[in-house]
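Asks: Attaching a single structure in structure tokens format; questions to follow.
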Amino acid sequence: MTEFFTLMRYIFRLNILFFVLFFSCKKDSKIEPLSEQIPGYEIGEELSAGIRTINDESSLAFSYRISGLSTVEGGNFFTGNSFFSQNWVEAPSSTSARDGLGPLFNSRSCSGCHLNDGRGEPFSAKGLLLRLSTGSTGSSGEPMPDINYGGQLQDYALPNITSEGAFSIFYTEIPGAFADGEVYSLRAPTYSFSNLNYGNMQSGILFSPRIGQQMIGLGLIENISITDILTNADETDINMDGISGKANYVYNALTKTTDLGRFGWKANVPNLYHQTAGAFIGDLGITSWLFKDQNCTSVQNDCQNAITGGTPEIDSIKLNYVVLYTKVLGVPIRRNYKDEEVLKGKYIFKNAGCDKCHTSKFVTSNNSDIAALNNIIIHPYSDFLVHDMGIGLSDNRADFLAKSNEWRTQPLWGIGLIKTVNRHTYLLHDGRARNIQEAILWHGGEAQMSRDYYFKLNKKERSSLLKFIESL
Ligand SMILES: [Ca+2]
Ligand SMILES: [Ca+2]
Ligand SMILES: [Ca+2]
């Protein structure tokens with residue numbers, strides 16, 4: 001990595017040198033602009049995570065640790081990786097370091113839903129899960145779980161345990177056309193449950209389908225100061241630009257207080273420690289010191305009585321490795337960032353107001369105990385606030401302060417590589433969009449103006465904007 005940036009700087013200096021020579025020898029011939037001078041290109045914009053950017057665009061582009069880690073941190077990353085990627089097994093087992101799976105679970109490993117540290121797919125066990133709640137809230141403002149099924153439907157179970165049930169998705173196509181005649185179709189999902197083995201869910205049960213996101217740059221996001229995030233919040237739209245942006249304050253299991261939410265599709269989780277321990281218990285059925293109880297409701301007796309993988313099932317040392325792992329996965333460098341069309345797309349992105357939510361730049365704070373995460377210029381293309389995205393994207397289920405139609409601006413860094421890393425392009429919180437264009441056309445609410453702007457573009461302009469997003 002260091003070599004790479006030295007090389008980049010070198011090439012850049014060479015260009016300046018070349019530029020000087022060029023002007024001094026060939027004063028009156030037609031001058032081809034040097035790549036550095038293409039209007040709109042800003043030096044360094046391709047470095048999505050500043051000096052920590054990963055120089056790779058392969059199917060492993062999301063899987064590298066950032067540069068600048070200490071030897072100990074670097075080693076712990078690899079141990080963390082093994083507990084993230086390898087399957088957990090039923091207890092008791094000779095592989096006692098990784099037993100305790102379930103009894104109810106969604107996947108046998110973290111990477112089951114975050115394959116290659118990337119984006120899940122809208123299929124059960126490949127990355128989509130359903131959060132459940134009753135509509136009332138608990139003492140910390142949290143959504144209250146269903147009595148029989150808890151806060152999440154686990155659709156897998158160990159061999160002798162009764163599973164919770166299954167769900168299926170049915171898509172309805174909604175056709176549309178641009179002014180120039182090009183047609184598109186959006187697919188709206190409806191969900192149905194089957195084989196519910198623990199009785200009915202409470203009447204009026206609410207559920208929220210969620211896809212696992214790419215794991216890149218999360219420690220940098222965690223290290224943005226609260227003040228910097230709140231600077232963009234404008235809940236009552238005082239500046240009257242049609243965009244509000246609201247902070248979601250959520251329960252922090254570590255401090256047992258309320259904190260700014262940053263992670264998850266509704267900014268429903270405050271930090272990566274809570275998120276990681278929460279995923280272990282919620283998605284894999286692995287207990288930790290933070291979430292001590294097996295994930296079984298009071299009616300799930302065989303689940304409660306099953307053999308466990310220890311108390312807790314993942315000890316705090318191993319949990320720390322996985323938390324570190326989630327913090328230091330890097331962000332890949334942009335591609336084609338100097339192409340004329342991409343630069344035109346960047347211009348359109350701004351004009352369409354996309355950047356009012358997909359904020360292009362932050363500088364991380366100095367607060368992380370991982371020195372490499374401190375003071376880094378980043379281009380995540382998110383404000384990490386929740387926005388009203390319209391009724392079309394509503395899940396009918398509030399998550400702390402985020403209402404049913406409110407979602408956290410999804411960071412766009414790395415989005416153009418999801419296809420390479422995960423071999424699909426399903427986007428949005430439930431994977432309903434089959435590509436970037438469909439994701440844009442689903443934008444409503446505060447983003448309606450941006451959506452309409454896109455809708456009125458001609459084909460060439462639409463293509464430029466899409467090329468820009470693909471370059472991220
Ligand atoms: Ca367990
Ligand atoms: Ca459950
Ligand atoms: Ca505003």
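All residue names refer to the structure tokens as shown: chains lettered A, B, ... in order, residues numbered from 1 in each chain, ligands numbered from 1 in order.
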Kindly work out which residues sit at most 6 Å from ligand 3, using only C-alpha atoms and all ligand atoms, and give the list as a list of chain:residue names.

Replies: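 Answer in the requested format: A:Asp234, A:Asp237, A:Ile238, A:Asn239, A:Met240, A:Asp241, A:Gly242, A:Ile243, A:Ser244.
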
Asks: Export, as an mmCIF file, in the first residue's frame, the selected residues with C-alpha atoms.

Replies:
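The resulting file, again_13.cif, is reproduced below:
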```cif
data_model
loop_
_atom_site.group_PDB
_atom_site.id
_atom_site.type_symbol
_atom_site.label_atom_id
_atom_site.label_comp_id
_atom_site.auth_asym_id
_atom_site.auth_seq_id
_atom_site.Cartn_x
_atom_site.Cartn_y
_atom_site.Cartn_z
ATOM 1 C CA ASP A 234 -32.134 19.389 10.220
ATOM 2 C CA ASP A 237 -36.005 21.505 7.821
ATOM 3 C CA ILE A 238 -35.089 24.964 9.058
ATOM 4 C CA ASN A 239 -33.116 25.737 5.889
ATOM 5 C CA MET A 240 -36.183 24.709 3.853
ATOM 6 C CA ASP A 241 -34.374 22.648 1.222
ATOM 7 C CA GLY A 242 -36.859 19.801 1.536
ATOM 8 C CA ILE A 243 -34.356 17.551 3.326
ATOM 9 C CA SER A 244 -34.614 16.957 7.056
#
```

Asks: Quick one: residues within 10 Å of Ala157 (chain A), only C-alpha atoms, excluding same-chain residues fewer than 3 positions away - as a short mmCIF file (atom, residue, chain, number, x, y, z; two decimals) with C-alpha atoms, in the first residue's frame?

Replies:
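What ended up in around-v4.cif:
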```cif
data_model
loop_
_atom_site.label_atom_id
_atom_site.label_comp_id
_atom_site.auth_asym_id
_atom_site.auth_seq_id
_atom_site.Cartn_x
_atom_site.Cartn_y
_atom_site.Cartn_z
CA LEU A 101 -24.68 -22.73 17.22
CA GLY A 102 -28.40 -22.06 17.64
CA PRO A 103 -30.52 -23.94 18.67
CA LEU A 104 -32.40 -21.41 16.47
CA PHE A 105 -30.38 -19.50 13.90
CA ASN A 106 -30.38 -17.78 10.51
CA SER A 107 -26.95 -18.83 9.30
CA GLN A 154 -34.81 -17.57 12.83
CA ASN A 160 -33.76 -32.09 16.93
CA ILE A 161 -35.17 -28.64 17.56
CA THR A 162 -38.44 -27.35 16.15
CA SER A 163 -37.67 -24.46 13.80
CA GLU A 164 -39.60 -21.20 14.04
CA GLY A 165 -40.86 -21.27 10.48
CA GLY A 285 -27.48 -18.17 18.46
CA CYS A 303 -34.59 -24.50 22.51
#
```

Asks: Using only C-alpha atoms and all ligand atoms, which protein or nucleic acid residues are at most 12 Å from ligand 2, as a PyMOL selection string?

Replies: chain A and resi 102-106+129-133+145-157+162-166+196-198+201+207+281-285+294-300+303

Asks: Once DSSP has gone over the backbone, tell me which residues of region 112-264 of chain A are in strand (DSSP E or B), as a PyMOL selection string.

Replies: chain A and resi 124+128-133+137+143+146+150+152+156-157+166-177+183-194+206-211+246+249-252+257-260+263

Asks: Could you give me, as an NGL selection string, the residues within 7 Å of region 449-455 of chain A, counting only C-alpha atoms and dropping anything in the same chain fewer than 3 positions from it?

Replies: :A and (178 or 352-354 or 440-441 or 443-444 or 462)

Asks: Can you tell me how far CA of Gly204 (chain A) sits from CA of Gly392 (chain A), in Å to one decimal?

Replies: 19.7 Å

Asks: I'd like to know which of A:Asn232, A:Ser136, A:Asn252, A:Gln86 is closest to Gln275 (chain A), using only C-alpha atoms.

Replies: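 Of the candidates, the smallest distance to Gln275 (chain A) is held by A:Asn252.
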
Asks: Considering only C-alpha atoms, return as number ranges by chain whatever protein or nucleic-acid residues lie within 12 Å of Phe349 (chain A), sequence-local ones (same chain, fewer than 2 positions apart) excluded.

Replies: A: 342-347, 351-360, 381, 440, 450-451, 453-454, 457, 461-469

Asks: Mind writing the picked residues with C-alpha atoms as a CSV table (one decimal), in the first residue's frame?

Replies:
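What ended up in again21.csv:
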```csv
chain,number,residue,atom,x,y,z
A,342,VAL,CA,-18.1,9.7,-14.8
A,343,LEU,CA,-17.2,13.3,-14.1
A,344,LYS,CA,-20.4,14.5,-15.8
A,345,GLY,CA,-22.3,12.0,-13.6
A,346,LYS,CA,-20.7,13.4,-10.6
A,347,TYR,CA,-21.9,16.9,-11.6
A,351,ASN,CA,-27.4,18.9,-9.3
A,352,ALA,CA,-30.0,16.3,-8.5
A,353,GLY,CA,-29.4,16.9,-4.7
A,354,CYS,CA,-28.2,13.3,-4.1
A,355,ASP,CA,-25.3,14.7,-2.1
A,356,LYS,CA,-27.7,16.3,0.4
A,357,CYS,CA,-28.1,12.9,2.0
A,358,HIS,CA,-25.2,11.0,0.3
A,359,THR,CA,-22.6,13.3,2.0
A,360,SER,CA,-19.3,12.9,0.1
A,381,TYR,CA,-21.5,9.2,0.5
A,440,ILE,CA,-32.9,5.5,-7.5
A,450,SER,CA,-34.0,13.8,-6.6
A,451,ARG,CA,-35.9,10.9,-8.0
A,453,TYR,CA,-34.8,15.0,-11.4
A,454,TYR,CA,-33.4,11.6,-12.5
A,457,LEU,CA,-32.9,13.3,-17.5
A,461,GLU,CA,-27.4,11.9,-18.7
A,462,ARG,CA,-29.0,8.9,-16.9
A,463,SER,CA,-26.1,6.7,-18.1
A,464,SER,CA,-23.5,9.3,-16.9
A,465,LEU,CA,-25.1,9.3,-13.4
A,466,LEU,CA,-25.1,5.5,-13.2
A,467,LYS,CA,-21.5,5.4,-14.4
A,468,PHE,CA,-20.5,7.8,-11.6
A,469,ILE,CA,-22.3,5.6,-9.0
```

Asks: Just list as a ChimeraX atom specification whatever in region 7-212 of chain A DSSP marks as alpha helix (DSSP H).

Replies: /A:7-25,71-85

Asks: Please produce an output containing C-alpha atoms for each residue in the selection, written as an mmCIF file, in the first residue's frame.

Replies:
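Below you can see again_18.cif, which holds the result:
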```
data_model
loop_
_atom_site.group_PDB
_atom_site.id
_atom_site.type_symbol
_atom_site.label_atom_id
_atom_site.label_comp_id
_atom_site.auth_asym_id
_atom_site.auth_seq_id
_atom_site.Cartn_x
_atom_site.Cartn_y
_atom_site.Cartn_z
ATOM 1 C CA LEU A 7 4.073 5.566 -6.845
ATOM 2 C CA MET A 8 0.926 7.673 -7.211
ATOM 3 C CA ARG A 9 2.700 10.732 -5.859
ATOM 4 C CA TYR A 10 5.588 10.018 -8.184
ATOM 5 C CA ILE A 11 3.324 9.763 -11.225
ATOM 6 C CA PHE A 12 1.633 12.965 -10.215
ATOM 7 C CA ARG A 13 4.973 14.782 -9.944
ATOM 8 C CA LEU A 14 5.991 13.363 -13.318
ATOM 9 C CA ASN A 15 2.809 14.795 -14.784
ATOM 10 C CA ILE A 16 3.614 18.244 -13.469
ATOM 11 C CA LEU A 17 7.113 17.928 -14.849
ATOM 12 C CA PHE A 18 5.726 16.775 -18.171
ATOM 13 C CA PHE A 19 3.295 19.671 -18.134
ATOM 14 C CA VAL A 20 6.096 22.184 -17.638
ATOM 15 C CA LEU A 21 8.182 20.628 -20.427
ATOM 16 C CA PHE A 22 5.180 20.450 -22.714
ATOM 17 C CA PHE A 23 4.424 24.129 -22.360
ATOM 18 C CA SER A 24 8.008 25.222 -22.708
ATOM 19 C CA CYS A 25 8.741 23.313 -25.938
ATOM 20 C CA THR A 71 1.517 -5.916 14.545
ATOM 21 C CA VAL A 72 -0.851 -7.055 17.288
ATOM 22 C CA GLU A 73 -3.911 -5.517 15.576
ATOM 23 C CA GLY A 74 -2.865 -7.057 12.263
ATOM 24 C CA GLY A 75 -2.612 -10.514 13.840
ATOM 25 C CA ASN A 76 -5.938 -10.176 15.647
ATOM 26 C CA PHE A 77 -7.580 -9.262 12.344
ATOM 27 C CA PHE A 78 -6.755 -12.717 10.970
ATOM 28 C CA THR A 79 -8.071 -14.479 14.073
ATOM 29 C CA GLY A 80 -11.213 -12.314 13.880
ATOM 30 C CA ASN A 81 -11.568 -13.266 10.230
ATOM 31 C CA SER A 82 -11.619 -16.976 11.074
ATOM 32 C CA PHE A 83 -14.426 -16.541 13.629
ATOM 33 C CA PHE A 84 -16.344 -14.401 11.123
ATOM 34 C CA SER A 85 -15.951 -16.737 8.158
#
```

Asks: Can you work out which one of A:Asn366, A:Ser316, A:Thr287, A:Thr409 has the shortest atom-to-atom distance to ligand 1, counting only C-alpha atoms and all ligand atoms?

Replies: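 Using only C-alpha atoms and all ligand atoms, the shortest distance to ligand 1 belongs to A:Thr287.
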
Asks: Determine, for each residue of region 161-252 of chain A having at least one atom at most 7 Å from an atom of region 423-430 of chain A, the closest pair of atoms and their separation in Å to one decimal, counting only C-alpha atoms; order by chain and ascending number, as CSV.

Replies:
```
residue,atom,partner,partner_atom,distance
A:Pro209,CA,A:Asp430,CA,5.5
A:Arg210,CA,A:Asp430,CA,5.1
A:Ile211,CA,A:Asp430,CA,5.4
```

Asks: Which is closest to Ile169 (chain A) among A:Arg119, A:Gly138, A:Gly431, A:Tyr184, if we use only C-alpha atoms?

Replies: A:Gly431
